$ cat structure.tsv   # TSV, C-alpha atoms
chain	number	residue	atom	x	y	z
A	1	MET	CA	170.97	-1.46	16.52
A	2	VAL	CA	171.65	2.04	15.29
A	3	ASP	CA	169.48	2.06	12.21
A	4	LEU	CA	166.70	0.24	10.43
A	5	ALA	CA	169.02	-1.32	7.87
A	6	MET	CA	170.72	-3.22	10.71
A	7	HIS	CA	167.35	-4.44	11.93
A	8	MET	CA	166.59	-5.56	8.41
A	9	MET	CA	169.79	-7.62	8.20
A	10	ASP	CA	169.14	-9.08	11.63
A	11	ILE	CA	165.54	-10.13	11.01
A	12	VAL	CA	166.32	-11.46	7.53
A	13	GLN	CA	169.06	-13.59	9.09
A	14	ASN	CA	166.30	-15.30	11.11
A	15	SER	CA	164.46	-16.11	7.89
A	16	ILE	CA	167.64	-17.50	6.35
A	17	ARG	CA	168.14	-19.73	9.36
A	18	ALA	CA	164.57	-20.94	8.95
A	19	ASN	CA	165.57	-22.19	5.48
A	20	ALA	CA	163.38	-19.75	3.62
A	21	SER	CA	163.66	-19.77	-0.17
A	22	LYS	CA	161.70	-16.57	-0.62
A	23	ILE	CA	162.01	-13.48	1.55
A	24	GLU	CA	159.96	-10.33	1.09
A	25	ILE	CA	161.20	-7.15	2.72
A	26	ASP	CA	158.82	-4.22	2.76
A	27	PHE	CA	159.11	-0.67	3.95
A	28	LEU	CA	155.88	1.25	3.71
A	29	GLU	CA	155.62	4.89	4.70
A	30	GLU	CA	152.18	6.35	5.09
A	31	SER	CA	152.38	10.09	5.48
A	32	ARG	CA	148.75	10.50	6.47
A	33	LYS	CA	149.17	8.20	9.47
A	34	ALA	CA	152.80	9.22	10.05
A	35	THR	CA	153.91	5.59	10.16
A	36	LEU	CA	156.59	3.43	8.67
A	37	THR	CA	155.75	-0.25	8.50
A	38	PHE	CA	158.75	-2.51	8.17
A	39	SER	CA	157.94	-6.12	7.48
A	40	VAL	CA	159.76	-9.29	6.57
A	41	LYS	CA	157.80	-12.21	5.21
A	42	ASP	CA	159.38	-15.58	4.57
A	43	ASN	CA	158.34	-19.07	3.54
A	44	GLY	CA	160.66	-20.75	5.99
A	45	SER	CA	159.96	-23.41	8.57
A	46	GLY	CA	157.63	-21.26	10.68
A	47	MET	CA	156.99	-21.57	14.39
A	48	THR	CA	154.41	-22.99	16.73
A	49	PRO	CA	152.17	-20.53	18.63
A	50	GLU	CA	154.10	-21.43	21.81
A	51	THR	CA	157.39	-20.38	20.23
A	52	VAL	CA	155.89	-17.16	18.89
A	53	ALA	CA	154.67	-16.30	22.38
A	54	LYS	CA	158.19	-16.67	23.74
A	55	LEU	CA	159.85	-14.73	20.93
A	56	GLU	CA	159.74	-11.32	22.57
A	57	ASP	CA	161.52	-12.69	25.61
A	58	PRO	CA	165.23	-11.75	25.39
A	59	PHE	CA	166.13	-14.92	27.25
A	60	PHE	CA	164.56	-17.15	24.67
A	61	THR	CA	166.50	-18.50	21.72
A	62	SER	CA	166.49	-21.62	19.60
A	63	ARG	CA	170.27	-21.62	19.55
A	64	THR	CA	172.42	-23.81	21.69
A	65	THR	CA	175.52	-21.63	21.50
A	66	ARG	CA	174.24	-18.90	23.78
A	67	ARG	CA	171.31	-18.26	26.03
A	68	VAL	CA	170.01	-14.92	24.82
A	69	GLY	CA	168.22	-13.89	21.64
A	70	LEU	CA	168.03	-10.15	21.25
A	71	GLY	CA	167.11	-9.56	17.61
A	72	VAL	CA	163.35	-9.52	18.00
A	73	PRO	CA	163.32	-7.84	21.44
A	74	PHE	CA	165.49	-5.02	20.05
A	75	LEU	CA	163.10	-4.56	17.14
A	76	LYS	CA	160.19	-4.48	19.56
A	77	MET	CA	161.95	-1.92	21.72
A	78	SER	CA	162.96	0.38	18.88
A	79	SER	CA	159.46	0.35	17.36
A	80	GLU	CA	157.61	0.74	20.64
A	81	GLN	CA	159.76	3.63	21.78
A	82	THR	CA	158.37	5.64	18.87
A	83	GLY	CA	154.81	4.72	19.86
A	84	GLY	CA	154.64	1.92	17.30
A	85	SER	CA	154.15	-1.80	17.67
A	86	LEU	CA	155.41	-5.23	16.69
A	87	LYS	CA	153.38	-8.09	15.31
A	88	ILE	CA	154.48	-11.63	14.51
A	89	GLU	CA	152.45	-14.16	12.61
A	90	SER	CA	153.74	-17.62	12.03
A	91	GLU	CA	152.56	-21.02	11.04
A	92	LEU	CA	154.59	-24.17	11.27
A	93	GLY	CA	155.61	-25.30	7.81
A	94	THR	CA	154.28	-22.20	6.03
A	95	GLY	CA	156.45	-19.33	7.12
A	96	THR	CA	156.63	-16.25	9.26
A	97	THR	CA	155.69	-12.62	8.88
A	98	ILE	CA	157.10	-10.05	11.23
A	99	GLU	CA	155.85	-6.51	11.10
A	100	ALA	CA	157.16	-3.51	13.03
A	101	VAL	CA	155.36	-0.18	12.94
A	102	TYR	CA	157.32	3.01	13.62
A	103	LYS	CA	155.75	6.40	14.23
A	104	THR	CA	157.67	8.75	11.97
A	105	ASP	CA	156.44	11.87	13.78
A	106	ASN	CA	158.38	10.75	16.84
A	107	PRO	CA	161.98	11.95	17.16
A	108	ASP	CA	162.97	8.53	18.51
A	109	CYS	CA	162.30	7.00	15.11
A	110	LEU	CA	165.51	5.31	13.93
A	111	PRO	CA	167.27	6.50	10.77
A	112	LEU	CA	167.10	4.17	7.79
A	113	GLY	CA	170.83	3.68	7.44
A	114	ASP	CA	172.57	2.02	4.51
A	115	LEU	CA	169.71	-0.04	3.09
A	116	GLY	CA	171.43	-0.44	-0.28
A	117	GLY	CA	174.67	-1.69	1.26
A	118	TYR	CA	172.99	-4.32	3.42
A	119	LEU	CA	170.73	-5.45	0.60
A	120	VAL	CA	173.67	-5.99	-1.72
A	121	LEU	CA	175.44	-8.04	0.96
A	122	LEU	CA	172.31	-10.17	1.35
A	123	LEU	CA	172.18	-10.74	-2.41
A	124	ILE	CA	175.86	-11.67	-2.58
A	125	ALA	CA	175.78	-14.01	0.39
A	126	ASN	CA	172.54	-15.79	-0.51
A	127	PRO	CA	172.39	-16.36	-4.25
A	128	GLY	CA	169.90	-19.20	-3.80
A	129	ILE	CA	167.24	-17.12	-2.09
A	130	HIS	CA	164.56	-15.16	-3.93
A	131	PHE	CA	164.56	-11.68	-2.40
A	132	SER	CA	161.88	-9.15	-3.00
A	133	PHE	CA	162.50	-5.69	-1.61
A	134	CYS	CA	159.93	-2.95	-1.74
A	135	TYR	CA	160.10	0.61	-0.46
A	136	ARG	CA	156.92	2.61	-0.76
A	137	ILE	CA	156.04	6.15	0.24
A	138	ASP	CA	152.31	6.57	-0.29
A	139	GLU	CA	151.86	5.97	-4.03
A	140	ASN	CA	155.48	5.90	-5.09
A	141	GLU	CA	157.40	2.70	-4.80
A	142	PHE	CA	160.67	1.10	-5.66
A	143	LEU	CA	160.73	-2.64	-6.14
A	144	LEU	CA	163.72	-4.90	-6.43
A	145	ASP	CA	163.07	-8.53	-7.13
A	146	THR	CA	165.89	-11.00	-7.70
A	147	LEU	CA	163.73	-13.12	-10.01
A	148	GLU	CA	163.05	-10.06	-12.13
A	149	LEU	CA	166.77	-9.29	-12.18
A	150	ALA	CA	167.53	-12.87	-13.19
A	151	GLU	CA	165.08	-12.56	-16.11
A	152	GLN	CA	167.15	-9.64	-17.32
A	153	GLY	CA	170.24	-11.79	-16.99
A	154	ILE	CA	171.48	-9.93	-13.93
A	155	THR	CA	172.88	-12.57	-11.64
A	156	GLU	CA	176.55	-11.76	-11.10
A	157	PHE	CA	176.15	-10.10	-7.71
A	158	SER	CA	179.48	-11.26	-6.41
A	159	ASN	CA	181.36	-9.32	-9.06
A	160	ASN	CA	182.65	-6.12	-7.49
A	161	GLU	CA	181.62	-3.81	-10.28
A	162	MET	CA	178.21	-5.39	-10.48
A	163	ALA	CA	177.73	-5.17	-6.72
A	164	SER	CA	178.48	-1.47	-6.67
A	165	ALA	CA	176.25	-0.95	-9.71
A	166	ILE	CA	173.34	-2.61	-7.93
A	167	LYS	CA	174.02	-0.58	-4.82
A	168	GLU	CA	173.98	2.58	-6.87
A	169	TYR	CA	170.79	1.48	-8.60
A	170	ILE	CA	169.08	0.95	-5.25
A	171	ASN	CA	170.36	4.16	-3.69
A	172	GLU	CA	169.51	6.34	-6.69
A	173	ASN	CA	165.97	5.04	-6.83
A	174	LEU	CA	165.48	5.35	-3.08
A	175	LYS	CA	166.80	8.90	-3.19
A	176	GLU	CA	164.20	9.75	-5.78
A	177	ILE	CA	161.23	8.46	-3.83
A	178	PHE	CA	162.57	9.94	-0.57
A	179	GLU	CA	161.99	13.37	-2.09
A	180	ASP	CA	158.28	12.83	-1.57
A	181	ARG	CA	158.61	12.40	2.14
A	182	PRO	CA	156.74	15.07	4.12
A	183	LYS	CA	158.88	17.53	6.05
A	184	GLU	CA	157.28	16.61	9.37
A	185	SER	CA	158.72	13.12	9.21
A	186	PHE	CA	161.70	12.40	11.44
A	187	LEU	CA	162.77	9.56	9.18
A	188	CYS	CA	166.04	10.17	7.44
B	1	MET	CA	180.80	6.67	-12.58
B	2	SER	CA	177.95	6.81	-15.03
B	3	GLY	CA	174.58	6.95	-13.33
B	4	ILE	CA	172.73	3.70	-12.91
B	5	LYS	CA	169.09	4.22	-12.34
B	6	THR	CA	167.07	1.85	-14.45
B	7	LEU	CA	167.02	-1.88	-15.02
B	8	ALA	CA	168.32	-1.23	-18.53
B	9	ASP	CA	171.39	0.50	-17.06
B	10	LEU	CA	171.96	-2.48	-14.81
B	11	LYS	CA	171.62	-4.87	-17.70
B	12	ARG	CA	174.16	-2.95	-19.71
B	13	LYS	CA	176.55	-3.06	-16.80
B	14	GLN	CA	176.04	-6.80	-16.45
B	15	GLU	CA	176.95	-7.38	-20.09
B	16	GLU	CA	179.98	-5.18	-19.71
B	17	VAL	CA	181.08	-7.09	-16.66
B	18	LYS	CA	180.32	-10.51	-18.10
B	19	THR	CA	183.06	-10.34	-20.68
B	20	GLN	CA	185.56	-9.86	-17.88
B	21	ILE	CA	184.13	-12.66	-15.77
B	22	ASP	CA	184.44	-15.24	-18.50
B	23	LEU	CA	188.19	-14.79	-18.43
B	24	ARG	CA	188.36	-16.06	-14.90
B	25	ASP	CA	186.70	-19.40	-14.26
B	26	LYS	CA	184.91	-18.42	-11.15
B	27	ALA	CA	182.92	-20.61	-8.78
B	28	GLU	CA	183.44	-23.64	-10.97
B	29	ASN	CA	184.34	-25.68	-8.00
B	30	PRO	CA	183.55	-24.17	-4.63
B	31	GLU	CA	185.58	-26.87	-2.87
B	32	SER	CA	188.79	-25.39	-4.19
B	33	GLN	CA	187.94	-21.88	-3.04
B	34	VAL	CA	188.57	-20.15	0.23
B	35	GLN	CA	185.36	-19.88	2.21
B	36	VAL	CA	184.81	-16.81	4.32
B	37	LYS	CA	181.84	-16.75	6.65
B	38	VAL	CA	181.07	-13.54	8.45
B	39	ALA	CA	178.90	-13.87	11.58
B	40	MET	CA	175.92	-11.65	10.97
B	41	ALA	CA	173.57	-12.10	13.89
B	42	THR	CA	172.45	-9.33	16.24
B	43	CYS	CA	175.80	-9.24	18.00
B	44	GLY	CA	177.81	-9.19	14.80
B	45	ILE	CA	175.72	-6.53	13.10
B	46	ALA	CA	175.89	-4.30	16.16
B	47	SER	CA	179.69	-4.61	16.25
B	48	GLY	CA	180.18	-3.67	12.63
B	49	ALA	CA	180.21	-6.95	10.72
B	50	LYS	CA	178.93	-5.13	7.65
B	51	ASN	CA	182.18	-3.24	7.13
B	52	VAL	CA	184.18	-6.43	7.56
B	53	MET	CA	182.03	-8.32	5.09
B	54	GLU	CA	182.20	-5.50	2.56
B	55	PHE	CA	185.96	-5.47	2.96
B	56	PHE	CA	186.26	-9.19	2.20
B	57	VAL	CA	183.81	-8.98	-0.69
B	58	GLN	CA	185.78	-6.16	-2.29
B	59	GLU	CA	189.34	-7.09	-1.47
B	60	LEU	CA	189.51	-10.84	-2.14
B	61	PRO	CA	188.82	-10.61	-5.88
B	62	LYS	CA	191.05	-7.54	-6.11
B	63	ARG	CA	193.95	-9.53	-4.69
B	64	GLY	CA	193.29	-12.44	-7.00
B	65	ILE	CA	191.97	-14.90	-4.43
B	66	GLY	CA	189.12	-17.18	-5.44
B	67	ALA	CA	186.77	-17.07	-2.50
B	68	VAL	CA	183.15	-17.39	-1.50
B	69	VAL	CA	182.02	-14.86	1.06
B	70	THR	CA	178.82	-15.69	2.91
B	71	GLN	CA	177.08	-14.71	6.07
B	72	THR	CA	176.29	-16.97	8.95
B	73	GLY	CA	174.59	-16.77	12.30
B	74	CYS	CA	176.10	-16.27	15.71
B	75	MET	CA	178.72	-18.82	16.65
B	76	GLY	CA	178.40	-18.07	20.34
B	77	TYR	CA	181.38	-15.73	20.55
B	78	CYS	CA	179.37	-12.56	20.96
B	79	PHE	CA	182.13	-11.05	23.11
B	80	ALA	CA	184.56	-11.25	20.22
B	81	GLU	CA	182.38	-9.94	17.41
B	82	PRO	CA	182.81	-9.35	14.58
B	83	THR	CA	183.95	-12.91	14.03
B	84	VAL	CA	184.93	-14.51	10.76
B	85	GLU	CA	185.32	-18.18	9.94
B	86	ILE	CA	187.85	-18.94	7.25
B	87	THR	CA	188.15	-22.30	5.55
B	88	ILE	CA	191.12	-22.81	3.32
B	89	PRO	CA	190.64	-25.85	1.07
B	90	GLY	CA	191.98	-28.97	2.75
B	91	LYS	CA	192.30	-27.35	6.16
B	92	ASP	CA	190.07	-27.13	9.20
B	93	PRO	CA	188.01	-23.97	9.56
B	94	ILE	CA	189.49	-21.28	11.79
B	95	VAL	CA	187.51	-18.58	13.58
B	96	PHE	CA	189.03	-15.15	14.07
B	97	GLY	CA	187.60	-12.71	16.58
B	98	TYR	CA	187.63	-8.91	16.94
B	99	VAL	CA	187.97	-8.50	13.19
B	100	ASP	CA	187.99	-5.04	11.66
B	101	ALA	CA	189.28	-3.83	8.31
B	102	ILE	CA	192.89	-3.78	9.54
B	103	LYS	CA	192.65	-7.29	10.99
B	104	ALA	CA	190.88	-8.50	7.87
B	105	ASP	CA	193.74	-7.18	5.79
B	106	GLU	CA	196.21	-9.07	7.96
B	107	ILE	CA	194.12	-12.26	7.69
B	108	ILE	CA	194.08	-12.04	3.90
B	109	GLU	CA	197.76	-11.24	3.55
B	110	ARG	CA	199.15	-13.63	6.13
B	111	TYR	CA	196.68	-16.43	6.73
B	112	ILE	CA	194.92	-16.83	3.41
B	113	LYS	CA	197.92	-16.07	1.23
B	114	GLN	CA	200.75	-17.60	3.26
B	115	GLY	CA	199.06	-19.94	5.69
B	116	GLU	CA	200.58	-18.27	8.76
B	117	LEU	CA	198.43	-18.18	11.84
B	118	VAL	CA	197.76	-14.67	13.09
B	119	ASP	CA	196.57	-13.30	16.42
B	120	GLY	CA	192.91	-13.36	17.25
B	121	ILE	CA	192.09	-17.02	16.69
B	122	ILE	CA	189.31	-18.35	18.86
B	123	PRO	CA	190.38	-21.82	19.95
B	124	GLN	CA	187.69	-24.44	19.79
B	125	ASN	CA	186.47	-27.71	18.51
B	126	TYR	CA	183.09	-27.14	17.06
B	127	ASN	CA	180.64	-27.69	14.29
B	128	THR	CA	179.55	-24.94	11.95
B	129	ILE	CA	176.27	-23.38	12.89
B	130	ASN	CA	174.15	-22.00	10.13

$ encode --input "structure.tsv" --output "structure tokens"
Amino acid sequence: MVDLAMHMMDIVQNSIRANASKIEIDFLEESRKATLTFSVKDNGSGMTPETVAKLEDPFFTSRTTRRVGLGVPFLKMSSEQTGGSLKIESELGTGTTIEAVYKTDNPDCLPLGDLGGYLVLLLIANPGIHFSFCYRIDENEFLLDTLELAEQGITEFSNNEMASAIKEYINENLKEIFEDRPKESFLC
Amino acid sequence: MSGIKTLADLKRKQEEVKTQIDLRDKAENPESQVQVKVAMATCGIASGAKNVMEFFVQELPKRGIGAVVTQTGCMGYCFAEPTVEITIPGKDPIVFGYVDAIKADEIIERYIKQGELVDGIIPQNYNTIN
């Protein structure tokens, strides 16, 4: 995983597999604490405490096609190498929340990558899922909610022109709030 | 391209686009469309599945092929990522491995359009994994 956008796609894929109908993706930068909290919350099938305990083990997976499961261990590694942490909360039948904290004053902090591009792919590929994406730097935030878009009649994600328009919309707004990021931050 | 920054801009774009969409009867009947599933698990993402998926999403409509592009999990062929499963209506699904933009182009032109089998097929008898 080269950037955080890849992690986002990877972790969200877990939620999709858990048959979630609503997925909340949050990026929260707190300049005072020099942290970035990346979290994915879903209302999917959830896991038992025993499964959660095994999740950080790279040799644990619920799949039958292969014997390794590296998504969560990679996320744990990339967050912990910046001095951050990983937390997973899950309840069977209710859903799962996974939260990775990155220290943005550490040069090992991963770049964000193409968040807009991955988000648009998620929207195109999963029209039935309610996505809510939020990026916040201290007080400034950008929120994208597919229900809100649908209220405005914006549903044609699979149309090429529309897809690039949404990508531009996301990137322009992110660019604006990124201007508030303190210079000390290694996030880029 | 005119700047798109607010929801109102997006809405305008949607209305603009809608008039074009109505001309084509899209997604009326998914059974009759080509289904493209790009493996997007850890292994796929790390090998560049995003570029492949973006390529299919952009190129299929451009070339006039009615298709549904979705993402799927790992099919167990991590060594051959990025992998793509293509289902042409009335045929069994076929999985292609080591797909990049050049391979994807070949798959569209030769397999999807003409039904020719191209290199890179992963032989198997399997069930789709979501």

$ residues_around --input "structure.tsv" --residues "Lys167 in chain A" --least-positions-apart "6" --cutoff "10 Å" --atoms "all atoms listed in the file" --output "PyMOL selection string"
(chain A and resi 114-121+161) or (chain B and resi 4)

$ write_last_selection --input "structure.tsv" --atoms "C-alpha atoms" --output "short mmCIF file (atom, residue, chain, number, x, y, z; two decimals), in the frame of the given file"
data_model
loop_
_atom_site.label_atom_id
_atom_site.label_comp_id
_atom_site.auth_asym_id
_atom_site.auth_seq_id
_atom_site.Cartn_x
_atom_site.Cartn_y
_atom_site.Cartn_z
CA ASP A 114 172.57 2.02 4.51
CA LEU A 115 169.71 -0.04 3.09
CA GLY A 116 171.43 -0.44 -0.28
CA GLY A 117 174.67 -1.69 1.26
CA TYR A 118 172.99 -4.32 3.42
CA LEU A 119 170.73 -5.45 0.60
CA VAL A 120 173.67 -5.99 -1.72
CA LEU A 121 175.44 -8.04 0.96
CA GLU A 161 181.62 -3.81 -10.28
CA ILE B 4 172.73 3.70 -12.91
#

$ interface_residues --input "structure.tsv" --of "chain A" --to "chain B" --cutoff "6 Å" --atoms "all atoms listed in the file" --output "ChimeraX atom specification"
/A:1,10,65-66,71,125,169

$ write_last_selection --input "structure.tsv" --atoms "C-alpha atoms" --output "PDB file, in the frame of the given file"
ATOM      1  CA  MET A   1     170.970  -1.460  16.520  1.00  0.00           C
ATOM      2  CA  ASP A  10     169.140  -9.080  11.630  1.00  0.00           C
ATOM      3  CA  THR A  65     175.520 -21.630  21.500  1.00  0.00           C
ATOM      4  CA  ARG A  66     174.240 -18.900  23.780  1.00  0.00           C
ATOM      5  CA  GLY A  71     167.110  -9.560  17.610  1.00  0.00           C
ATOM      6  CA  ALA A 125     175.780 -14.010   0.390  1.00  0.00           C
ATOM      7  CA  TYR A 169     170.790   1.480  -8.600  1.00  0.00           C
TER       8      TYR A 169
END

$ residues_around --input "structure.tsv" --residues "range 89-94 of chain B" --least-positions-apart "6" --cutoff "8 Å" --atoms "only C-alpha atoms" --output "PDB file with C-alpha atoms, keeping the file's coordinate frame"
ATOM      1  CA  GLU B  31     185.580 -26.870  -2.870  1.00  0.00           C
ATOM      2  CA  SER B  32     188.790 -25.390  -4.190  1.00  0.00           C
ATOM      3  CA  GLN B  33     187.940 -21.880  -3.040  1.00  0.00           C
ATOM      4  CA  VAL B  34     188.570 -20.150   0.230  1.00  0.00           C
ATOM      5  CA  ILE B 121     192.090 -17.020  16.690  1.00  0.00           C
ATOM      6  CA  ILE B 122     189.310 -18.350  18.860  1.00  0.00           C
TER       7      ILE B 122
END

$ residues_near_point --input "structure.tsv" --point "(155.8, -21.3, 2.0)" --cutoff "7 Å" --atoms "all atoms listed in the file" --output "list of chain:residue names"
A:Asn43, A:Gly44, A:Thr94, A:Gly95

$ atom_distance --input "structure.tsv" --atom1 "CA of Glu24 in chain A" --atom2 "CA of Lys41 in chain A"
5.0 Å

$ residues_around --input "structure.tsv" --residues "Lys183 in chain A" --least-positions-apart "5" --cutoff "12 Å" --atoms "only C-alpha atoms" --output "PyMOL selection string"
chain A and resi 31+34+104-105+178+188

$ residues_around --input "structure.tsv" --residues "range 50-52 of chain A" --least-positions-apart "6" --cutoff "9 Å" --atoms "only C-alpha atoms" --output "list in words"
Ile88, Glu89 and Ser90 of chain A

$ residues_around --input "structure.tsv" --residues "Gly97 in chain B" --least-positions-apart "2" --cutoff "8 Å" --atoms "only C-alpha atoms" --output "PyMOL selection string"
chain B and resi 77+80-84+95+99+120-122

$ atom_distance --input "structure.tsv" --atom1 "CA of Asp57 in chain A" --atom2 "CA of Leu86 in chain A"
13.1 Å

$ atom_distance --input "structure.tsv" --atom1 "CA of Leu117 in chain B" --atom2 "CA of Phe79 in chain B"
21.1 Å

$ residues_near_point --input "structure.tsv" --point "(168.0, -12.2, 0.3)" --cutoff "9 Å" --atoms "all atoms listed in the file" --output "PyMOL selection string"
chain A and resi 12-13+16+21-25+119-133+146

$ axis_aligned_box --input "structure.tsv" --around "range 42-56 of chain A" --padding-each-side "6 Å" --output "AutoDock Vina command-line options"
--center_x 156.4 --center_y -17.4 --center_z 13.6 --size_x 20.5 --size_y 24.1 --size_z 32.2

$ closest_residue --input "structure.tsv" --among "B:Val36, B:Val52, B:Ile88, B:Ile65" --to "Glu116 in chain B" --atoms "only C-alpha atoms"
B:Ile88
